[in-house]
file structure04.cif (mmCIF, C-alpha atoms and all ligand atoms)
data_structure
#
loop_
_atom_site.label_atom_id
_atom_site.label_comp_id
_atom_site.auth_asym_id
_atom_site.auth_seq_id
_atom_site.Cartn_x
_atom_site.Cartn_y
_atom_site.Cartn_z
CA MET W 297 98.08 42.28 147.32
CA GLU W 298 96.94 40.34 144.31
CA TYR W 299 95.53 42.36 141.43
CA PHE W 300 92.09 40.74 141.45
CA LYS W 301 91.66 41.66 145.09
CA LYS W 302 91.79 45.38 144.43
CA LYS W 303 88.75 45.98 142.23
CA VAL W 304 86.32 48.41 143.84
CA LEU W 305 82.98 49.04 142.16
CA ILE W 306 81.11 52.15 143.37
CA ILE W 307 77.49 52.21 142.22
CA SER W 308 76.08 55.26 144.07
CA PRO W 309 77.02 58.95 144.24
CA VAL W 310 79.89 59.37 146.70
CA HIS W 311 82.25 62.21 147.60
CA LEU W 312 85.08 62.23 145.06
CA ASP W 313 87.68 62.02 147.85
CA LEU W 314 86.84 58.32 148.07
CA ILE W 315 87.75 57.75 144.43
CA SER W 316 90.96 59.77 144.57
CA ASN W 317 92.10 58.09 147.79
CA LEU W 318 91.43 54.64 146.40
CA LYS W 319 93.30 55.46 143.19
CA LYS W 320 96.24 56.90 145.12
CA ASN W 321 96.40 53.61 146.99
CA LYS W 322 96.45 51.60 143.77
CA PHE W 323 92.91 50.27 143.90
CA ASP W 324 91.26 49.61 140.56
CA VAL W 325 88.15 51.81 140.91
CA LYS W 326 85.05 51.88 138.75
CA TYR W 327 82.72 54.76 139.60
CA LEU W 328 79.33 54.11 138.00
CA PRO W 329 76.73 56.02 140.07
CA LYS W 330 74.09 55.72 137.35
CA ILE W 331 74.70 52.07 136.50
CA SER W 332 71.80 50.13 134.97
CA LYS W 333 70.75 46.78 136.39
CA LYS W 334 71.96 45.04 133.23
CA LYS W 335 75.42 46.59 133.48
CA LEU W 336 75.59 45.96 137.22
CA MET W 337 75.01 42.26 136.61
CA LYS W 338 78.12 42.26 134.40
CA GLU W 339 80.31 44.54 136.51
CA ILE W 340 79.63 42.80 139.81
CA ALA W 341 81.21 39.62 138.43
CA LYS W 342 84.62 41.35 138.42
CA ALA W 343 84.45 43.32 141.69
CA THR W 344 86.02 42.49 145.04
CA VAL W 345 84.32 45.34 146.88
CA VAL W 346 81.02 47.03 146.06
CA VAL W 347 80.20 50.41 147.59
CA LEU W 348 76.60 51.56 147.47
CA ARG W 349 74.06 53.88 149.04
CA SER W 350 70.28 53.94 148.75
CA GLY W 351 68.40 53.93 145.44
CA VAL W 352 70.03 50.78 144.08
CA GLN W 353 68.99 47.23 144.92
CA LEU W 354 71.53 44.48 145.54
CA GLY W 355 69.08 41.60 145.37
CA LYS W 356 69.73 37.88 145.05
CA ASP W 357 69.60 38.13 141.24
CA ILE W 358 72.56 40.53 141.25
CA ILE W 359 74.59 39.13 144.15
CA SER W 360 74.40 35.66 142.56
CA LYS W 361 76.33 37.04 139.56
CA SER W 362 79.33 37.94 141.71
CA ASN W 363 82.31 35.62 141.47
CA ASN W 364 85.01 37.49 143.34
CA LEU W 365 82.96 39.70 145.63
CA LYS W 366 84.18 39.69 149.23
CA PHE W 367 82.74 42.88 150.72
CA ILE W 368 79.65 45.03 150.31
CA ILE W 369 79.97 48.43 151.95
CA ARG W 370 76.88 50.53 152.51
CA ALA W 371 78.11 54.14 152.71
CA GLY W 372 75.25 55.07 155.04
CA SER W 373 72.88 53.32 157.45
CA GLY W 374 70.03 51.44 155.77
CA LEU W 375 70.64 47.83 154.73
CA ASP W 376 67.13 47.32 153.35
CA ASN W 377 68.38 47.40 149.73
CA ILE W 378 70.81 44.50 150.18
CA ASP W 379 69.91 40.80 150.28
CA ILE W 380 71.93 40.07 153.40
CA LYS W 381 70.90 36.40 153.41
CA GLU W 382 72.24 35.82 149.91
CA ALA W 383 75.46 37.69 150.74
CA LYS W 384 75.96 35.54 153.83
CA LYS W 385 75.31 32.39 151.85
CA ARG W 386 78.13 33.39 149.50
CA ASN W 387 80.44 34.41 152.32
CA ILE W 388 80.31 38.06 151.32
CA LYS W 389 80.66 40.37 154.32
CA VAL W 390 78.28 43.33 154.51
CA PHE W 391 79.13 46.51 156.42
CA ASN W 392 77.27 49.76 156.93
CA LEU W 393 78.56 53.07 158.26
CA PRO W 394 75.73 54.28 160.45
CA ASN W 395 75.11 57.69 162.03
CA LEU W 396 77.61 59.70 159.96
CA ASN W 397 74.84 61.38 157.98
CA SER W 398 72.28 61.73 160.80
CA GLN W 399 72.74 65.47 161.32
CA SER W 400 72.31 66.12 157.59
CA VAL W 401 69.12 64.08 157.48
CA ALA W 402 67.72 65.67 160.66
CA GLU W 403 68.36 69.20 159.33
CA PHE W 404 66.88 68.23 155.97
CA SER W 405 63.71 67.02 157.72
CA PHE W 406 63.20 70.51 159.08
CA GLY W 407 63.81 71.94 155.63
CA LEU W 408 60.94 69.78 154.39
CA LEU W 409 58.82 70.51 157.44
CA ILE W 410 59.05 74.29 157.14
CA SER W 411 58.71 74.17 153.35
CA ALA W 412 55.52 72.11 153.69
CA SER W 413 54.02 74.11 156.54
CA ARG W 414 54.70 77.45 154.83
CA ASN W 415 53.99 76.46 151.19
CA ILE W 416 57.50 77.46 150.17
CA VAL W 417 57.88 75.05 147.26
CA LYS W 418 54.36 75.74 146.00
CA ALA W 419 54.92 79.53 146.20
CA ASN W 420 58.21 79.16 144.35
CA ILE W 421 56.62 77.17 141.51
CA GLU W 422 53.68 79.58 141.25
CA LEU W 423 55.77 82.75 141.31
CA LYS W 424 58.07 81.46 138.59
CA ASN W 425 54.88 81.29 136.52
CA ASN W 426 54.18 84.92 137.55
CA LEU W 427 51.31 83.78 139.79
CA TRP W 428 51.12 86.08 142.85
CA ASN W 429 48.90 83.92 145.00
CA LYS W 430 49.47 85.39 148.50
CA PRO W 431 45.88 84.94 149.81
CA LYS W 432 46.09 81.18 149.12
CA LEU W 433 49.43 80.66 150.83
CA TYR W 434 48.50 80.49 154.51
CA GLY W 435 50.60 78.13 156.59
CA TYR W 436 51.43 77.23 160.19
CA GLU W 437 54.01 78.29 162.79
CA LEU W 438 56.04 75.66 164.63
CA LYS W 439 56.25 77.27 168.06
CA ASN W 440 54.09 75.52 170.71
CA LYS W 441 52.88 72.97 168.15
CA THR W 442 53.19 69.23 168.73
CA ILE W 443 55.63 67.20 166.71
CA GLY W 444 55.43 63.40 166.76
CA ILE W 445 58.66 61.60 165.90
CA ILE W 446 58.39 57.95 164.97
CA GLY W 447 61.74 56.37 165.76
CA LEU W 448 64.28 57.97 168.10
CA GLY W 449 67.54 56.66 166.67
CA ALA W 450 70.46 58.85 165.69
CA ILE W 451 68.28 60.87 163.28
CA GLY W 452 65.10 60.97 165.38
CA SER W 453 67.00 62.17 168.47
CA ARG W 454 68.57 64.99 166.48
CA ILE W 455 65.15 65.93 165.10
CA ALA W 456 63.85 66.07 168.70
CA LYS W 457 66.67 68.45 169.70
CA ILE W 458 65.95 70.76 166.76
CA ALA W 459 62.21 70.65 167.53
CA LYS W 460 62.90 71.71 171.11
CA ALA W 461 64.92 74.67 169.85
CA PHE W 462 61.76 75.71 167.96
CA SER W 463 59.79 75.46 171.26
CA MET W 464 57.71 72.56 169.98
CA ASN W 465 56.10 69.91 172.21
CA VAL W 466 57.84 66.67 171.33
CA LEU W 467 56.20 63.23 171.39
CA ALA W 468 57.92 60.10 170.19
CA ASN W 469 57.05 56.52 169.43
CA VAL W 470 59.84 53.98 169.90
CA LYS W 471 60.33 50.23 169.82
CA ASN W 472 62.46 50.04 172.95
CA VAL W 473 60.68 52.15 175.59
CA GLY W 474 63.18 51.52 178.42
CA LYS W 475 66.28 52.64 176.51
CA LYS W 476 68.23 55.72 177.71
CA ARG W 477 68.17 58.51 175.12
CA PRO W 478 70.25 61.64 174.52
CA VAL W 479 67.13 63.79 174.53
CA LYS W 480 64.18 63.81 176.95
CA VAL W 481 60.84 63.41 175.20
CA LYS W 482 57.46 61.94 176.02
CA ILE W 483 57.15 58.38 174.68
CA VAL W 484 53.63 57.50 173.54
CA PRO W 485 51.87 54.84 171.42
CA LEU W 486 51.72 55.34 167.66
CA ASN W 487 48.00 56.13 167.65
CA THR W 488 48.54 58.91 170.22
CA ILE W 489 51.15 60.44 167.90
CA LEU W 490 48.68 60.31 165.01
CA LYS W 491 45.86 61.82 167.10
CA LYS W 492 47.82 64.56 168.88
CA SER W 493 50.55 65.72 166.53
CA ASP W 494 50.43 68.69 164.21
CA PHE W 495 53.62 67.51 162.52
CA ILE W 496 54.69 63.87 162.19
CA ILE W 497 58.12 62.72 161.09
CA PHE W 498 58.83 59.09 160.20
CA SER W 499 62.38 58.18 161.09
CA VAL W 500 62.56 54.39 161.32
CA PRO W 501 64.32 51.73 159.24
CA LEU W 502 62.15 49.66 156.90
CA ASN W 503 61.49 46.14 158.14
CA ASN W 504 58.54 43.79 158.67
CA LYS W 505 57.43 45.75 161.73
CA THR W 506 57.62 49.22 160.17
CA LYS W 507 56.14 48.40 156.75
CA ASN W 508 52.88 50.33 156.26
CA LEU W 509 53.20 51.91 159.70
CA LEU W 510 50.78 54.53 158.45
CA ASN W 511 47.95 52.64 156.83
CA ASN W 512 44.29 52.76 155.94
CA LYS W 513 43.24 51.79 159.47
CA ASN W 514 45.17 54.31 161.55
CA SER W 515 45.27 57.22 159.09
CA LYS W 516 41.77 58.20 160.27
CA TYR W 517 43.34 59.53 163.48
CA LEU W 518 45.24 62.29 161.67
CA LYS W 519 44.14 65.90 162.09
CA SER W 520 42.94 67.84 159.07
CA HIS W 521 45.92 70.20 159.47
CA SER W 522 48.49 67.38 159.99
CA ILE W 523 51.73 67.62 158.08
CA LEU W 524 53.55 64.32 157.41
CA ILE W 525 57.25 64.08 156.69
CA ASN W 526 58.94 60.86 155.57
CA ILE W 527 62.72 60.76 155.60
CA SER W 528 62.98 57.06 156.46
CA ARG W 529 62.03 54.67 153.68
CA GLY W 530 59.25 54.38 151.17
CA GLY W 531 56.92 51.66 152.39
CA VAL W 532 56.86 52.94 155.99
CA ILE W 533 53.95 55.14 154.90
CA ASN W 534 51.60 53.28 152.60
CA GLU W 535 51.80 55.31 149.38
CA ASP W 536 48.21 54.61 148.29
CA VAL W 537 46.93 55.79 151.68
CA LEU W 538 49.11 58.91 151.50
CA TYR W 539 47.84 59.63 148.00
CA THR W 540 44.21 59.42 149.13
CA LEU W 541 44.82 61.56 152.23
CA LEU W 542 46.38 64.32 150.13
CA ASN W 543 44.07 64.01 147.16
CA LYS W 544 41.00 64.32 149.39
CA ASN W 545 42.64 67.10 151.48
CA LYS W 546 42.28 65.01 154.65
CA ILE W 547 45.61 66.47 155.85
CA PHE W 548 47.29 69.82 155.16
CA ALA W 549 50.42 68.60 153.40
CA ALA W 550 53.21 66.05 153.24
CA ALA W 551 56.82 65.86 152.18
CA THR W 552 58.73 62.74 151.31
CA ASP W 553 62.34 62.10 150.40
CA VAL W 554 61.77 58.35 149.98
CA PHE W 555 59.61 56.11 147.82
CA LEU W 556 58.62 52.47 147.62
CA HIS W 557 60.27 52.29 144.19
CA GLU W 558 63.02 54.83 143.69
CA LYS W 559 64.09 56.17 140.29
CA LYS W 560 60.53 55.57 139.03
CA GLN W 561 57.53 57.75 138.16
CA ASN W 562 55.07 57.98 141.08
CA LYS W 563 51.45 59.16 141.24
CA LEU W 564 52.34 61.27 144.32
CA PHE W 565 54.34 63.57 141.99
CA LYS W 566 51.05 64.80 140.49
CA LEU W 567 49.71 66.23 143.75
CA LYS W 568 50.11 69.89 144.71
CA ASN W 569 50.14 69.40 148.49
CA ILE W 570 53.21 67.20 148.66
CA ILE W 571 56.90 68.06 148.38
CA VAL W 572 58.97 65.29 146.83
CA THR W 573 62.76 64.98 146.77
CA PRO W 574 64.93 62.19 145.34
CA HIS W 575 66.36 60.71 148.57
CA ILE W 576 68.75 63.61 149.20
CA GLY W 577 68.53 63.77 153.00
CA ALA W 578 72.16 62.75 153.33
CA MET W 579 73.46 64.71 150.32
CA THR W 580 75.63 67.26 152.07
CA PHE W 581 79.31 67.83 151.36
CA ASP W 582 79.83 67.50 155.11
CA ALA W 583 78.26 64.06 155.56
CA GLN W 584 79.54 62.62 152.29
CA LYS W 585 83.10 63.77 152.96
CA ILE W 586 83.16 61.95 156.30
CA LEU W 587 81.50 58.91 154.73
CA ALA W 588 84.13 58.90 151.95
CA GLU W 589 86.88 59.00 154.56
CA LYS W 590 85.40 56.18 156.63
CA THR W 591 84.58 54.07 153.57
CA PHE W 592 88.16 54.41 152.36
CA GLU W 593 89.53 53.44 155.81
CA LYS W 594 87.21 50.42 155.87
CA ILE W 595 88.28 49.22 152.41
CA LYS W 596 91.97 49.67 153.25
CA LYS W 597 91.51 47.64 156.40
CA LEU W 598 89.55 44.88 154.70
CA VAL W 599 91.43 44.45 151.43
CA LYS W 600 94.96 43.57 152.35
C1 LIG S 701 71.08 55.98 154.68
O1 LIG S 701 70.52 54.91 154.93
O2 LIG S 701 72.14 56.28 155.24
C2 LIG S 701 70.41 56.94 153.75
O3 LIG S 701 69.52 56.31 152.93
C3 LIG S 701 71.34 57.86 153.06
C4 LIG S 701 71.76 57.56 151.65
O4 LIG S 701 72.42 56.58 151.40
O5 LIG S 701 71.46 58.35 150.77
#
call {"tool": "encode", "arguments": {"input": "structure04.cif", "output": "structure tokens"}}
result
Amino acid sequence: MEYFKKKVLIISPVHLDLISNLKKNKFDVKYLPKISKKKLMKEIAKATVVVLRSGVQLGKDIISKSNNLKFIIRAGSGLDNIDIKEAKKRNIKVFNLPNLNSQSVAEFSFGLLISASRNIVKANIELKNNLWNKPKLYGYELKNKTIGIIGLGAIGSRIAKIAKAFSMNVLANVKNVGKKRPVKVKIVPLNTILKKSDFIIFSVPLNNKTKNLLNNKNSKYLKSHSILINISRGGVINEDVLYTLLNKNKIFAAATDVFLHEKKQNKLFKLKNIIVTPHIGAMTFDAQKILAEKTFEKIKKLVK
């Protein structure tokens, strides 16, 4: 193996097993999970392999700076942060490792859902300020309530299974209605989900068809006690619409792990009836350990 072929640049937080395994196998590893765009433009010129997750953009402007890059590995599912066209043009192969973090994300969705429906985060913030606000902290049970899941992929299907264990009525909206699924749920149009669900979880990839799936037009169908959870991508729910819904108390609450622009201030942070988290749905030791293992195997196979 020639020396220049072995440079691996990791620009997102990964399980440290990946770094130690690569080093043991004589790869030249740079682990820069907080890399700035400016530095990335420099570093990418030297790398043969780039490993990334969400929260960092590999756009044309960056990919065009790569001279030796052969492989981009997305340690996760979503490819929306990579300019695949530009990579293809430069003969750079792009791989993702889908489904390995689905259980973590599905469980996390329920963490958000229960926290939002029972005011757990709000109560925690208030009590730490010695505010004992019990009369204002009414919430909702899950049992016998309707949950609408938008997207029944690996994550959505797991969410459906968990919802059934809570004795919830499960509705789902999917692109491919005829497809066989691991869990039996009622498939309905998007507007039916919005009209009938008490809880709505968005679990679809971001693309031209899913951008602004919840928008100014259809948000009027939501119930005043609706709770919205977004664990997919920012942009699937229009952030301005979500802001207005929450600010005017048109819905009970929301929780989102994803934003249109990550690592940036957002007006949603100012609202009391939304829980916000920095895209941590897949941040479990369990999922990241498997992803580190599979990423290492992939790199070893590719870089010979
Ligand atoms: C994914 O697409 O797999 C998720 O965004 C998880 C992540 O990379 O944090």
call {"tool": "residues_around", "arguments": {"input": "structure04.cif", "residues": "range 590-594 of chain W", "least_positions_apart": "5", "cutoff": "10 Å", "atoms": "only C-alpha atoms", "output": "list in words"}}
result
Val310, Asp313, Leu314, Ile315, Ser316, Asn317, Leu318, Asn321, Val347, Ile369, Arg370, Ala371, Gly372, Phe391, Asn392, Leu393, Leu396, Gln584, Lys585 and Val599 of chain W
call {"tool": "closest_residue", "arguments": {"input": "structure04.cif", "among": "W:Asn526, W:Thr506, W:Asn425, W:Thr488", "to": "ligand LIG 701 (chain S)", "atoms": "all atoms listed in the file"}}
result
W:Asn526
call {"tool": "closest_residue", "arguments": {"input": "structure04.cif", "among": "W:Ser515, W:Ser528, W:Ser453, W:Asn469", "to": "ligand LIG 701 (chain S)", "atoms": "all atoms listed in the file"}}
result
W:Ser528
call {"tool": "closest_residue", "arguments": {"input": "structure04.cif", "among": "W:Lys519, W:His557, W:Arg349, W:Lys385", "to": "ligand LIG 701 (chain S)", "atoms": "only C-alpha atoms and all ligand atoms"}}
result
W:Arg349
call {"tool": "axis_aligned_box", "arguments": {"input": "structure04.cif", "around": "ligand LIG 701 (chain S)", "padding_each_side": "6 Å", "output": "AutoDock Vina command-line options"}}
result
--center_x 71.0 --center_y 56.6 --center_z 153.0 --size_x 14.9 --size_y 15.4 --size_z 16.5
call {"tool": "atom_distance", "arguments": {"input": "structure04.cif", "atom1": "CA of Leu448 in chain W", "atom2": "CA of Val470 in chain W"}}
result
6.2 Å
call {"tool": "residues_near_ligand", "arguments": {"input": "structure04.cif", "ligand": "ligand LIG 701 (chain S)", "cutoff": "9 Å", "atoms": "only C-alpha atoms and all ligand atoms", "output": "JSON, numbers by chain"}}
result
{"W": [308, 309, 348, 349, 350, 351, 370, 371, 372, 373, 374, 375, 376, 392, 393, 394, 395, 396, 397, 398, 401, 501, 527, 528, 529, 554, 575, 576, 577, 578, 579]}
call {"tool": "atom_distance", "arguments": {"input": "structure04.cif", "atom1": "CA of Asp494 in chain W", "atom2": "CA of Tyr436 in chain W"}}
result
9.5 Å
call {"tool": "closest_residue", "arguments": {"input": "structure04.cif", "among": "W:Phe406, W:Phe548, W:Trp428, W:Tyr434", "to": "Phe462 in chain W", "atoms": "all atoms listed in the file"}}
result
W:Phe406
